[in-house]
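Asks: Quick one, my_file.pdb (PDB, C-alpha atoms):
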ATOM      1  CA  MET A  86    -112.687  -0.531 -82.564
ATOM      2  CA  GLU A  87    -110.071  -0.893 -85.249
ATOM      3  CA  PRO A  88    -109.190  -4.438 -86.255
ATOM      4  CA  SER A  89    -105.937  -5.648 -84.739
ATOM      5  CA  PHE A  90    -103.181  -7.731 -86.371
ATOM      6  CA  ILE A  91    -101.801  -8.768 -83.021
ATOM      7  CA  THR A  92    -102.092 -12.508 -82.371
ATOM      8  CA  PRO A  93    -104.676 -13.019 -79.639
ATOM      9  CA  ALA A  94    -103.502 -14.505 -76.398
ATOM     10  CA  VAL A  95    -103.630 -18.289 -76.076
ATOM     11  CA  PRO A  96    -106.550 -19.233 -73.809
ATOM     12  CA  ALA A  97    -105.730 -20.882 -70.507
ATOM     13  CA  ARG A  98    -107.589 -24.034 -71.566
ATOM     14  CA  PRO A  99    -107.129 -25.487 -75.063
ATOM     15  CA  ARG A 100    -110.214 -25.348 -77.228
ATOM     16  CA  SER A 101    -112.035 -28.557 -77.977
ATOM     17  CA  LEU A 102    -111.991 -30.254 -81.382
ATOM     18  CA  GLY A 103    -115.713 -29.541 -81.704
ATOM     19  CA  SER A 104    -115.160 -25.825 -81.127
ATOM     20  CA  LEU A 105    -112.383 -25.676 -83.683
ATOM     21  CA  MET A 106    -114.506 -27.589 -86.200
ATOM     22  CA  GLY A 107    -117.385 -25.178 -85.611
ATOM     23  CA  ASP A 108    -115.154 -22.193 -86.342
ATOM     24  CA  SER A 109    -113.919 -23.890 -89.498
ATOM     25  CA  LEU A 110    -117.467 -24.431 -90.723
ATOM     26  CA  ARG A 111    -118.409 -20.805 -90.041
ATOM     27  CA  ARG A 112    -115.533 -19.462 -92.111
ATOM     28  CA  PRO A 113    -116.122 -18.735 -95.829
ATOM     29  CA  GLY A 114    -115.443 -21.885 -97.796
ATOM     30  CA  GLY A 115    -115.037 -23.973 -94.652
ATOM     31  CA  ARG A 116    -118.037 -26.160 -95.298
ATOM     32  CA  ARG A 117    -117.025 -26.654 -98.918
ATOM     33  CA  ALA A 118    -113.490 -27.686 -97.920
ATOM     34  CA  LEU A 119    -114.823 -30.094 -95.323
ATOM     35  CA  SER A 120    -117.182 -31.620 -97.893
ATOM     36  CA  VAL A 121    -114.342 -32.118-100.375
ATOM     37  CA  LEU A 122    -112.189 -33.705 -97.663
ATOM     38  CA  SER A 123    -115.047 -36.020 -96.693
ATOM     39  CA  VAL A 124    -115.473 -37.158-100.286
ATOM     40  CA  VAL A 125    -111.733 -37.746-100.681
ATOM     41  CA  LEU A 126    -111.564 -39.782 -97.466
ATOM     42  CA  PHE A 127    -114.655 -41.759 -98.463
ATOM     43  CA  LEU A 128    -113.225 -42.612-101.886
ATOM     44  CA  ALA A 129    -109.886 -43.560-100.336
ATOM     45  CA  GLY A 130    -111.679 -45.900 -97.930
ATOM     46  CA  VAL A 131    -113.696 -47.487-100.728
ATOM     47  CA  ALA A 132    -110.543 -47.969-102.816
ATOM     48  CA  MET A 133    -108.714 -49.539 -99.861
ATOM     49  CA  PHE A 134    -111.428 -52.146 -99.346
ATOM     50  CA  ALA A 135    -112.201 -52.654-103.041
ATOM     51  CA  TYR A 136    -108.592 -53.302-104.116
ATOM     52  CA  PRO A 137    -108.265 -56.818-102.606
ATOM     53  CA  VAL A 138    -111.644 -57.772-104.076
ATOM     54  CA  ALA A 139    -110.630 -56.480-107.498
ATOM     55  CA  THR A 140    -107.365 -58.434-107.388
ATOM     56  CA  ASP A 141    -109.263 -61.600-106.407
ATOM     57  CA  VAL A 142    -111.584 -61.164-109.394
ATOM     58  CA  TYR A 143    -108.610 -60.705-111.703
ATOM     59  CA  SER A 144    -106.829 -63.751-110.259
ATOM     60  CA  LYS A 145    -109.962 -65.864-110.729
ATOM     61  CA  TYR A 146    -110.067 -64.758-114.368
ATOM     62  CA  ARG A 147    -106.394 -65.687-114.812
ATOM     63  CA  GLN A 148    -106.917 -69.031-113.123
ATOM     64  CA  GLY A 149    -109.761 -69.811-115.535
ATOM     65  CA  ASN A 150    -107.497 -69.183-118.522
ATOM     66  CA  LEU A 151    -104.680 -71.211-116.937
ATOM     67  CA  ASN A 152    -107.028 -74.142-116.308
ATOM     68  CA  SER A 153    -107.842 -74.397-119.999
ATOM     69  CA  GLN A 154    -104.135 -74.159-120.801
ATOM     70  CA  PHE A 155    -103.011 -76.715-118.227
ATOM     71  CA  GLY A 156    -104.254 -79.791-120.075
ATOM     72  CA  SER A 157    -102.961 -78.728-123.480
ATOM     73  CA  LYS A 158    -100.411 -80.613-125.577
ATOM     74  CA  GLN A 159     -98.432 -77.386-125.938
ATOM     75  CA  LEU A 160     -97.894 -77.138-122.194
ATOM     76  CA  ALA A 161     -96.940 -80.816-122.015
ATOM     77  CA  ASP A 162     -94.323 -80.253-124.718
ATOM     78  CA  GLU A 163     -93.011 -77.094-123.001
ATOM     79  CA  TYR A 164     -92.868 -78.866-119.665
ATOM     80  CA  ARG A 165     -91.060 -81.853-121.152
ATOM     81  CA  SER A 166     -88.441 -79.542-122.665
ATOM     82  CA  GLY A 167     -88.124 -77.551-119.421
ATOM     83  CA  LYS A 168     -88.900 -74.294-121.248
ATOM     84  CA  VAL A 169     -92.213 -73.063-119.868
ATOM     85  CA  PRO A 170     -92.644 -69.319-120.683
ATOM     86  CA  ILE A 171     -92.960 -66.790-117.863
ATOM     87  CA  GLY A 172     -96.635 -66.436-116.929
ATOM     88  CA  SER A 173     -97.684 -69.843-118.305
ATOM     89  CA  ALA A 174     -99.190 -72.584-116.147
ATOM     90  CA  LEU A 175     -96.541 -74.850-114.652
ATOM     91  CA  THR A 176     -98.084 -76.929-111.867
ATOM     92  CA  ARG A 177    -101.242 -77.241-109.812
ATOM     93  CA  LEU A 178    -100.636 -76.824-106.064
ATOM     94  CA  VAL A 179    -103.141 -78.512-103.761
ATOM     95  CA  ILE A 180    -103.302 -78.350 -99.960
ATOM     96  CA  ASN A 181    -106.151 -80.130 -98.210
ATOM     97  CA  THR A 182    -105.658 -80.029 -94.454
ATOM     98  CA  LYS A 183    -108.168 -79.169 -91.756
ATOM     99  CA  ALA A 184    -106.822 -75.610 -91.502
ATOM    100  CA  VAL A 185    -105.585 -74.931 -95.045
ATOM    101  CA  LYS A 186    -107.473 -75.441 -98.313
ATOM    102  CA  VAL A 187    -105.677 -74.437-101.509
ATOM    103  CA  ASP A 188    -106.145 -75.375-105.155
ATOM    104  CA  VAL A 189    -104.207 -73.004-107.383
ATOM    105  CA  LEU A 190    -102.378 -73.173-110.679
ATOM    106  CA  VAL A 191     -98.813 -71.953-110.258
ATOM    107  CA  VAL A 192     -97.297 -70.069-113.173
ATOM    108  CA  GLU A 193     -93.666 -69.915-114.212
ATOM    109  CA  GLY A 194     -91.946 -66.806-112.844
ATOM    110  CA  THR A 195     -92.194 -64.520-109.843
ATOM    111  CA  THR A 196     -92.453 -61.170-111.610
ATOM    112  CA  PRO A 197     -95.303 -58.918-110.404
ATOM    113  CA  ALA A 198     -97.231 -59.674-113.604
ATOM    114  CA  ALA A 199     -96.775 -63.434-113.234
ATOM    115  CA  LEU A 200     -97.752 -63.420-109.554
ATOM    116  CA  ARG A 201    -101.061 -61.736-110.348
ATOM    117  CA  ALA A 202    -102.215 -65.271-111.092
ATOM    118  CA  GLY A 203    -101.772 -65.986-107.360
ATOM    119  CA  ALA A 204     -98.596 -68.060-107.173
ATOM    120  CA  GLY A 205     -95.384 -68.402-109.174
ATOM    121  CA  HIS A 206     -92.416 -70.752-109.529
ATOM    122  CA  TYR A 207     -88.932 -69.339-108.914
ATOM    123  CA  PRO A 208     -87.049 -69.564-112.252
ATOM    124  CA  GLY A 209     -83.802 -71.438-111.830
ATOM    125  CA  THR A 210     -85.206 -73.793-109.201
ATOM    126  CA  PRO A 211     -86.062 -77.377-110.199
ATOM    127  CA  LEU A 212     -89.368 -78.475-111.664
ATOM    128  CA  PRO A 213     -91.694 -80.413-109.349
ATOM    129  CA  GLY A 214     -90.374 -83.888-108.558
ATOM    130  CA  GLU A 215     -86.789 -83.094-109.487
ATOM    131  CA  ALA A 216     -83.843 -83.200-107.114
ATOM    132  CA  GLY A 217     -83.005 -79.874-105.510
ATOM    133  CA  ASN A 218     -85.310 -77.244-104.024
ATOM    134  CA  VAL A 219     -88.508 -76.259-105.855
ATOM    135  CA  GLY A 220     -89.327 -72.649-104.927
ATOM    136  CA  ILE A 221     -92.899 -71.322-105.097
ATOM    137  CA  ALA A 222     -94.071 -67.860-104.005
ATOM    138  CA  GLY A 223     -97.692 -66.895-103.414
ATOM    139  CA  HIS A 224     -99.817 -63.977-102.257
ATOM    140  CA  ARG A 225    -101.383 -63.856 -98.774
ATOM    141  CA  THR A 226    -103.869 -60.967 -98.974
ATOM    142  CA  THR A 227    -104.466 -60.256-102.684
ATOM    143  CA  PHE A 228    -104.790 -62.039-106.059
ATOM    144  CA  GLY A 229    -106.680 -65.038-104.734
ATOM    145  CA  ARG A 230    -104.524 -65.123-101.539
ATOM    146  CA  PRO A 231    -103.539 -68.818-101.935
ATOM    147  CA  PHE A 232    -100.956 -68.598 -99.111
ATOM    148  CA  ASN A 233    -103.202 -66.693 -96.720
ATOM    149  CA  HIS A 234    -103.048 -69.503 -94.131
ATOM    150  CA  ILE A 235     -99.539 -70.769 -94.844
ATOM    151  CA  ASP A 236     -98.689 -70.087 -91.201
ATOM    152  CA  GLU A 237    -101.203 -72.766 -90.156
ATOM    153  CA  LEU A 238     -99.357 -75.644 -91.837
ATOM    154  CA  ASN A 239     -97.943 -78.203 -89.410
ATOM    155  CA  VAL A 240     -95.136 -80.745 -89.577
ATOM    156  CA  GLY A 241     -96.341 -83.729 -91.613
ATOM    157  CA  ASP A 242     -98.966 -81.758 -93.581
ATOM    158  CA  GLU A 243     -99.002 -82.544 -97.284
ATOM    159  CA  VAL A 244     -98.745 -80.386-100.396
ATOM    160  CA  VAL A 245     -99.377 -81.972-103.808
ATOM    161  CA  LEU A 246     -97.825 -80.598-106.996
ATOM    162  CA  GLU A 247     -99.566 -81.843-110.120
ATOM    163  CA  THR A 248     -97.810 -81.590-113.479
ATOM    164  CA  PRO A 249     -98.954 -82.755-116.923
ATOM    165  CA  PHE A 250     -97.329 -86.127-116.150
ATOM    166  CA  ASN A 251     -97.237 -86.755-112.392
ATOM    167  CA  LYS A 252     -98.581 -85.871-108.984
ATOM    168  CA  PHE A 253     -95.785 -85.297-106.485
ATOM    169  CA  HIS A 254     -96.450 -85.451-102.752
ATOM    170  CA  TYR A 255     -94.413 -83.280-100.375
ATOM    171  CA  LYS A 256     -94.650 -83.170 -96.587
ATOM    172  CA  VAL A 257     -93.720 -80.384 -94.173
ATOM    173  CA  VAL A 258     -90.413 -81.304 -92.530
ATOM    174  CA  PRO A 259     -89.547 -80.985 -88.821
ATOM    175  CA  GLY A 260     -86.700 -78.757 -87.688
ATOM    176  CA  TRP A 261     -87.273 -75.947 -90.176
ATOM    177  CA  GLY A 262     -89.524 -73.614 -88.241
ATOM    178  CA  THR A 263     -88.820 -71.720 -85.043
ATOM    179  CA  ASP A 264     -90.671 -71.289 -81.734
ATOM    180  CA  GLY A 265     -92.637 -74.479 -82.309
ATOM    181  CA  HIS A 266     -93.972 -73.410 -85.704
ATOM    182  CA  ALA A 267     -93.555 -75.159 -89.053
ATOM    183  CA  TYR A 268     -92.571 -71.871 -90.689
ATOM    184  CA  LYS A 269     -89.503 -69.644 -90.542
ATOM    185  CA  ILE A 270     -89.455 -65.849 -90.969
ATOM    186  CA  VAL A 271     -86.560 -64.464 -93.035
ATOM    187  CA  ASP A 272     -85.493 -61.225 -94.704
ATOM    188  CA  PRO A 273     -86.777 -60.543 -98.248
ATOM    189  CA  SER A 274     -83.196 -60.715 -99.559
ATOM    190  CA  ASP A 275     -82.526 -64.163 -98.046
ATOM    191  CA  TYR A 276     -82.581 -66.382-101.147
ATOM    192  CA  THR A 277     -80.738 -69.163 -99.335
ATOM    193  CA  VAL A 278     -84.168 -70.593 -98.457
ATOM    194  CA  VAL A 279     -84.643 -71.701-102.086
ATOM    195  CA  GLN A 280     -81.103 -72.963-102.609
ATOM    196  CA  PRO A 281     -80.597 -76.722-103.086
ATOM    197  CA  VAL A 282     -79.610 -79.034-100.254
ATOM    198  CA  ALA A 283     -77.326 -81.934-101.200
ATOM    199  CA  GLY A 284     -79.143 -85.236-101.537
ATOM    200  CA  LYS A 285     -82.609 -83.719-100.959
ATOM    201  CA  SER A 286     -85.693 -83.179-103.117
ATOM    202  CA  LEU A 287     -87.403 -80.242-101.435
ATOM    203  CA  LEU A 288     -90.212 -77.738-101.887
ATOM    204  CA  THR A 289     -90.094 -74.305-100.261
ATOM    205  CA  LEU A 290     -93.176 -72.092-100.115
ATOM    206  CA  THR A 291     -92.646 -68.362 -99.547
ATOM    207  CA  SER A 292     -94.891 -65.356 -99.020
ATOM    208  CA  CYS A 293     -94.868 -61.858 -97.554
ATOM    209  CA  HIS A 294     -94.964 -61.364 -93.783
ATOM    210  CA  PRO A 295     -96.771 -60.036 -91.869
ATOM    211  CA  LYS A 296     -99.986 -60.087 -93.874
ATOM    212  CA  GLY A 297    -100.282 -56.975 -96.004
ATOM    213  CA  SER A 298     -96.591 -56.105 -95.621
ATOM    214  CA  ALA A 299     -93.443 -56.962 -97.577
ATOM    215  CA  LYS A 300     -91.150 -56.327 -94.604
ATOM    216  CA  LYS A 301     -90.304 -60.015 -94.139
ATOM    217  CA  ARG A 302     -90.879 -63.399 -95.783
ATOM    218  CA  ILE A 303     -92.607 -66.419 -94.279
ATOM    219  CA  THR A 304     -91.219 -69.759 -95.519
ATOM    220  CA  VAL A 305     -92.289 -73.398 -95.183
ATOM    221  CA  ARG A 306     -89.992 -76.306 -96.116
ATOM    222  CA  LEU A 307     -91.304 -79.652 -97.403
ATOM    223  CA  GLU A 308     -89.681 -82.842 -98.693
ATOM    224  CA  LEU A 309     -90.687 -85.082-101.601
ATOM    225  CA  GLN A 310     -92.257 -88.444-100.770
ATOM    226  CA  PRO A 311     -91.097 -90.571-103.768
ATOM    227  CA  LYS A 312     -93.159 -93.620-102.855
ATOM    228  CA  GLU A 313     -96.352 -91.565-103.117
ATOM    229  CA  THR A 314     -95.684 -90.177-106.600
ATOM    230  CA  GLU A 315     -98.613 -90.796-108.980
ATOM    231  CA  VAL A 316     -98.262 -91.103-112.745
ATOM    232  CA  ILE A 317    -100.914 -89.245-114.756
ATOM    233  CA  LYS A 318    -102.071 -91.062-117.840
ATOM    234  CA  GLN A 319    -101.893 -88.830-120.909
ATOM    235  CA  LYS A 320    -104.929 -88.392-123.139
ATOM    236  CA  GLY A 321    -104.795 -90.744-126.073
ATOM    237  CA  ALA A 322    -102.144 -92.952-124.433
ATOM    238  CA  LYS A 323    -102.564 -96.711-124.887
ATOM    239  CA  SER A 324    -103.291 -98.756-121.777
TER     240      SER A 324
END
Could you express the structure from this file as structure tokens?
Replies:
Amino acid sequence: MEPSFITPAVPARPRSLGSLMGDSLRRPGGRRALSVLSVVLFLAGVAMFAYPVATDVYSKYRQGNLNSQFGSKQLADEYRSGKVPIGSALTRLVINTKAVKVDVLVVEGTTPAALRAGAGHYPGTPLPGEAGNVGIAGHRTTFGRPFNHIDELNVGDEVVLETPFNKFHYKVVPGWGTDGHAYKIVDPSDYTVVQPVAGKSLLTLTSCHPKGSAKKRITVRLELQPKETEVIKQKGAKS
């Protein structure tokens, strides 16, 4: 019988995936193609799971360098002048609640490079302790993920910002969040959340939402507690 170029009729019942796979393997090169595809999928899976780990390792390395920088006279002088370079340590952010444990050095700037340290201060917003609205952004699923559990903060929870000179205590304010939460979800372009509010000394924490997506931003608003401010004694200062 001569070979035909007419498309064979479609069977009454669709063929199973196993049958189709078997045909593919029996064709010349089918097994090789399947092997290559398997390797590609395997490597893609490994890369997907390894990426967050790799970013955490890098962030830990950055945090180590920032820790040695944080107590330096150079940083104290830069901080005093209000001219901390992008990517340099600015403040230590500490959260110690039952649900949220964070101890991270926040750098100046929110560029992708700066935020690889884990968290960054919005340029143009006040320094910790100053009047206005201190804006700090942090990662939730990569680079140390300091804001991974930001959605578990409650009204009254405390965040401490330590600078070369002071420790400033902020508490989560009521009336900011929605649906009974302490947080509010906004669009990525909504920079009103870090704008100043007359007569207030605020801190606003922001991160991507939902986890692993940049579709929205999750925000938490806190207010300075002046009576709880602690002065840090400088090295070499006379008592």
Asks: Since I can't run it myself right now, could you work out what the PyMOL selection byres ((chain A and resi 310) around 12) selects here and report it as a PyMOL selection string?
Replies: chain A and resi 213-216+241-246+252-258+285-288+307-309+311-315
Asks: What does the distance between atom CA of Glu193 of chain A and atom CA of His206 of chain A come to in Å, to one decimal place?
Replies: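 Between these atoms lies a distance of 4.9 Å.
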Asks: Find the distance between atom CA of Val240 of chain A and atom CA of Gln148 of chain A and write it in Å to one decimal.
Replies: 28.8 Å
Asks: Atom CA of Ser144 of chain A and atom CA of Asp188 of chain A are how many Å apart?
Replies: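 Distance between the two atoms: 12.7 Å.
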Asks: Around all the atoms of segment 275-284 of chain A listed in the file, draw an axis-aligned box and extend it by 8 Å on each of the six sides; I want its centre and edge lengths in Å to one decimal, as JSON.
Replies:
{"center_x": -81.0, "center_y": -74.7, "center_z": -100.6, "size_x": 23.3, "size_y": 37.1, "size_z": 21.0}
Asks: If the PyMOL selection byres ((chain A and resi 301) around 9) is run on the structure shown, which residues does it catch, given as an MDAnalysis selection string?
Replies: chainID A and resid 270:274 292:295 298:300 302:303
Asks: Could you please take those selected residues and save C-alpha atoms as a CSV table (one decimal), keeping the file's coordinate frame?
Replies:
chain,number,residue,atom,x,y,z
A,270,ILE,CA,-89.5,-65.8,-91.0
A,271,VAL,CA,-86.6,-64.5,-93.0
A,272,ASP,CA,-85.5,-61.2,-94.7
A,273,PRO,CA,-86.8,-60.5,-98.2
A,274,SER,CA,-83.2,-60.7,-99.6
A,292,SER,CA,-94.9,-65.4,-99.0
A,293,CYS,CA,-94.9,-61.9,-97.6
A,294,HIS,CA,-95.0,-61.4,-93.8
A,295,PRO,CA,-96.8,-60.0,-91.9
A,298,SER,CA,-96.6,-56.1,-95.6
A,299,ALA,CA,-93.4,-57.0,-97.6
A,300,LYS,CA,-91.2,-56.3,-94.6
A,302,ARG,CA,-90.9,-63.4,-95.8
A,303,ILE,CA,-92.6,-66.4,-94.3
Asks: To test your reading of the syntax: which residues would the PyMOL selection byres ((chain A and resi 235) around 9) return for the file shown? Reply as a list in words.
Replies: Val185, Arg225, Pro231, Phe232, Asn233, His234, Asp236, Glu237, Leu238, Tyr268, Leu290, Thr291, Ser292, Ile303, Thr304 and Val305 of chain A
Asks: If we count all atoms listed in the file, what is near Leu190 of chain A at a cut-off of 9 Å, once residues fewer than 4 positions away on the same chain are taken out, given as number ranges by chain?
Replies: A: 148, 151-152, 155, 174-179, 202-205
Asks: Out of A:Pro197, A:Lys183, A:Ser153, A:Gly217, which residue has the shortest atom-to-atom distance to Val279 of chain A when counting only C-alpha atoms?
Replies: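 The answer is A:Gly217, which sits nearest to Val279 of chain A.
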Asks: Considering only C-alpha atoms, return as number ranges by chain whatever protein or nucleic-acid residues lie within 8 Å of Ile171 of chain A, sequence-local ones (same chain, fewer than 3 positions apart) excluded.
Replies: A: 192-194, 199
Asks: Considering all atoms listed in the file, return as an MDAnalysis selection string whatever protein or nucleic-acid residues lie within 7 Å of segment 280-284 of chain A, sequence-local ones (same chain, fewer than 2 positions apart) excluded.
Replies: chainID A and resid 217:218 276:278
Asks: A:Pro249, A:Pro170, A:Gly297, A:Gly260: which is nearest Pro208 of chain A, counting only C-alpha atoms?
Replies: A:Pro170
